[in-house]
Amino acid sequence: MSSSSTTQELIIREAREEDIDAVSDITRRAWGGVTMAQLREERHGILGGKPWYEHKCAEIQDGFRRNHKSFIVAELAGRVVGYASFSCPTDSGIGVVGNNAVDPDFQGRGIGTRLISRVVEILKDKGFTVLQVSTMLQDKPAQRVYEKIGFKEIGRSIHYTMSIK
């Protein structure tokens with residue numbers, strides 16, 4: 001489950017329980033501007049008494065705790081610098097690329113592409129022939145990664161909120 005880079009050794013491996021703090025830190029630092037939690041906060045203020053990144057981290061932590069084996073991490077010199085998750089719903093026959101992020105200090109080095117490529121391999125090995133991923137319209141870096149790997153856009157969705165005070 002590992003692969004190496006020609007410049008520095010980047011290891012892509014299954015996540016371990018002890019990776020949760022690093023995954024949470026990357027989530028907090030990398031998701032700014034590209035998550036519904038932040039957009040809701042920008043429109044309505046802090047919700048539930050917590051800033052947006054705590055909501056996003058809680059979502060990631062919940063998925064990680066339920067099944068950390070559905071997460072992989074990128075490790076460079078012993079440091080977790082990125083992660084990706086996936087799900088294998090048996091009822092749809094569609095493998096799903098889930099939440100993923102690269103530490104902002106390590107973005108632009110192909111780590112995201114390597115992580116998503118590995119998720120594609122995992123899902124293919126599990127027998128999936130159709131894969132799906134979703135991202136926010138403003139998340140151009142993620143869109144470039146997905147398109148580079150071969151994903152094609154099939155639709156867009158619109159999210160609404162309203163205050164009912």
# chains A, B, ... in the order shown; residues from 1 in each chain; ligands from 1
call {"tool": "closest_atom_pairs", "arguments": {"of": "stretch 87-152 of chain A", "to": "stretch 27-46 of chain A", "cutoff": "12 Å", "atoms": "only C-alpha atoms", "output": "JSON lines"}}
result
{"residue": "A:Asn99", "atom": "CA", "partner": "A:Thr27", "partner_atom": "CA", "distance": 9.3}
{"residue": "A:Asn100", "atom": "CA", "partner": "A:Thr27", "partner_atom": "CA", "distance": 8.3}
{"residue": "A:Ala101", "atom": "CA", "partner": "A:Ala30", "partner_atom": "CA", "distance": 6.3}
{"residue": "A:Val102", "atom": "CA", "partner": "A:Ala30", "partner_atom": "CA", "distance": 6.6}
{"residue": "A:Asp103", "atom": "CA", "partner": "A:Ala30", "partner_atom": "CA", "distance": 6.0}
{"residue": "A:Pro104", "atom": "CA", "partner": "A:Ala30", "partner_atom": "CA", "distance": 5.7}
{"residue": "A:Asp105", "atom": "CA", "partner": "A:Ala30", "partner_atom": "CA", "distance": 9.3}
{"residue": "A:Phe106", "atom": "CA", "partner": "A:Ala30", "partner_atom": "CA", "distance": 10.4}
{"residue": "A:Gln107", "atom": "CA", "partner": "A:Ala30", "partner_atom": "CA", "distance": 9.3}
{"residue": "A:Gly112", "atom": "CA", "partner": "A:Ala30", "partner_atom": "CA", "distance": 11.9}
{"residue": "A:Ser134", "atom": "CA", "partner": "A:Thr35", "partner_atom": "CA", "distance": 11.6}
{"residue": "A:Thr135", "atom": "CA", "partner": "A:Val34", "partner_atom": "CA", "distance": 8.2}
{"residue": "A:Met136", "atom": "CA", "partner": "A:Val34", "partner_atom": "CA", "distance": 6.1}
{"residue": "A:Leu137", "atom": "CA", "partner": "A:Val34", "partner_atom": "CA", "distance": 8.2}
{"residue": "A:Gln138", "atom": "CA", "partner": "A:Val34", "partner_atom": "CA", "distance": 6.3}
{"residue": "A:Asp139", "atom": "CA", "partner": "A:Val34", "partner_atom": "CA", "distance": 5.6}
{"residue": "A:Lys140", "atom": "CA", "partner": "A:Val34", "partner_atom": "CA", "distance": 9.2}
{"residue": "A:Pro141", "atom": "CA", "partner": "A:Val34", "partner_atom": "CA", "distance": 10.2}
{"residue": "A:Ala142", "atom": "CA", "partner": "A:Val34", "partner_atom": "CA", "distance": 9.6}
{"residue": "A:Gln143", "atom": "CA", "partner": "A:Val34", "partner_atom": "CA", "distance": 11.5}
call {"tool": "select_by_dssp", "arguments": {"residues": "stretch 10-59 of chain A", "states": "helix (DSSP H, G or I)", "output": "PyMOL selection string"}}
result
chain A and resi 17-30+36-44+52-59
call {"tool": "residues_around", "arguments": {"residues": "stretch 63-70 of chain A", "least_positions_apart": "5", "cutoff": "9 Å", "atoms": "only C-alpha atoms", "output": "PyMOL selection string"}}
result
chain A and resi 14-17+20+23+58+84-88
call {"tool": "write_last_selection", "arguments": {"atoms": "N, CA, C and O atoms", "output": "mmCIF file, in the first residue's frame"}}
result
data_model
loop_
_atom_site.group_PDB
_atom_site.id
_atom_site.type_symbol
_atom_site.label_atom_id
_atom_site.label_comp_id
_atom_site.auth_asym_id
_atom_site.auth_seq_id
_atom_site.Cartn_x
_atom_site.Cartn_y
_atom_site.Cartn_z
ATOM 1 N N GLU A 14 -2.710 2.873 4.448
ATOM 2 C CA GLU A 14 -3.969 2.862 5.187
ATOM 3 C C GLU A 14 -3.816 3.732 6.424
ATOM 4 O O GLU A 14 -2.759 3.742 7.061
ATOM 5 N N ALA A 15 -4.868 4.435 6.779
ATOM 6 C CA ALA A 15 -4.847 5.234 8.000
ATOM 7 C C ALA A 15 -4.857 4.317 9.213
ATOM 8 O O ALA A 15 -5.395 3.212 9.176
ATOM 9 N N ARG A 16 -4.236 4.800 10.263
ATOM 10 C CA ARG A 16 -4.250 4.110 11.549
ATOM 11 C C ARG A 16 -4.992 4.982 12.554
ATOM 12 O O ARG A 16 -5.089 6.196 12.371
ATOM 13 N N GLU A 17 -5.480 4.382 13.607
ATOM 14 C CA GLU A 17 -6.241 5.133 14.616
ATOM 15 C C GLU A 17 -5.479 6.353 15.107
ATOM 16 O O GLU A 17 -6.071 7.410 15.335
ATOM 17 N N ILE A 20 -5.715 10.212 13.587
ATOM 18 C CA ILE A 20 -6.892 11.082 13.651
ATOM 19 C C ILE A 20 -6.549 12.538 13.955
ATOM 20 O O ILE A 20 -7.135 13.456 13.388
ATOM 21 N N VAL A 23 -5.151 14.109 10.748
ATOM 22 C CA VAL A 23 -6.239 14.269 9.775
ATOM 23 C C VAL A 23 -7.116 15.453 10.172
ATOM 24 O O VAL A 23 -7.499 16.273 9.327
ATOM 25 N N ALA A 58 -15.507 17.609 13.021
ATOM 26 C CA ALA A 58 -16.372 16.613 13.665
ATOM 27 C C ALA A 58 -16.907 15.623 12.633
ATOM 28 O O ALA A 58 -16.971 14.413 12.895
ATOM 29 N N ALA A 84 -7.346 10.858 2.258
ATOM 30 C CA ALA A 84 -8.506 10.681 1.383
ATOM 31 C C ALA A 84 -9.351 9.564 1.967
ATOM 32 O O ALA A 84 -8.833 8.634 2.592
ATOM 33 N N SER A 85 -10.644 9.674 1.759
ATOM 34 C CA SER A 85 -11.550 8.634 2.236
ATOM 35 C C SER A 85 -12.386 8.115 1.074
ATOM 36 O O SER A 85 -12.431 8.722 0.002
ATOM 37 N N PHE A 86 -13.036 7.000 1.318
ATOM 38 C CA PHE A 86 -13.856 6.389 0.276
ATOM 39 C C PHE A 86 -14.926 5.546 0.936
ATOM 40 O O PHE A 86 -14.835 5.213 2.117
ATOM 41 N N SER A 87 -15.951 5.231 0.160
ATOM 42 C CA SER A 87 -16.973 4.307 0.654
ATOM 43 C C SER A 87 -17.354 3.355 -0.463
ATOM 44 O O SER A 87 -17.182 3.651 -1.648
ATOM 45 N N CYS A 88 -17.849 2.221 -0.042
ATOM 46 C CA CYS A 88 -18.179 1.137 -0.965
ATOM 47 C C CYS A 88 -19.614 0.694 -0.752
ATOM 48 O O CYS A 88 -19.867 -0.424 -0.285
#
call {"tool": "residues_around", "arguments": {"residues": "A:Arg118", "least_positions_apart": "2", "cutoff": "10 Å", "atoms": "only C-alpha atoms", "output": "PyMOL selection string"}}
result
chain A and resi 1-3+12-13+72+84+112-116+120-124
call {"tool": "atom_distance", "arguments": {"atom1": "atom CA of A:Val97", "atom2": "atom CA of A:Glu54"}}
result
22.0 Å
call {"tool": "atom_distance", "arguments": {"atom1": "atom CA of A:Gly155", "atom2": "atom CA of A:Ile26"}}
result
28.3 Å
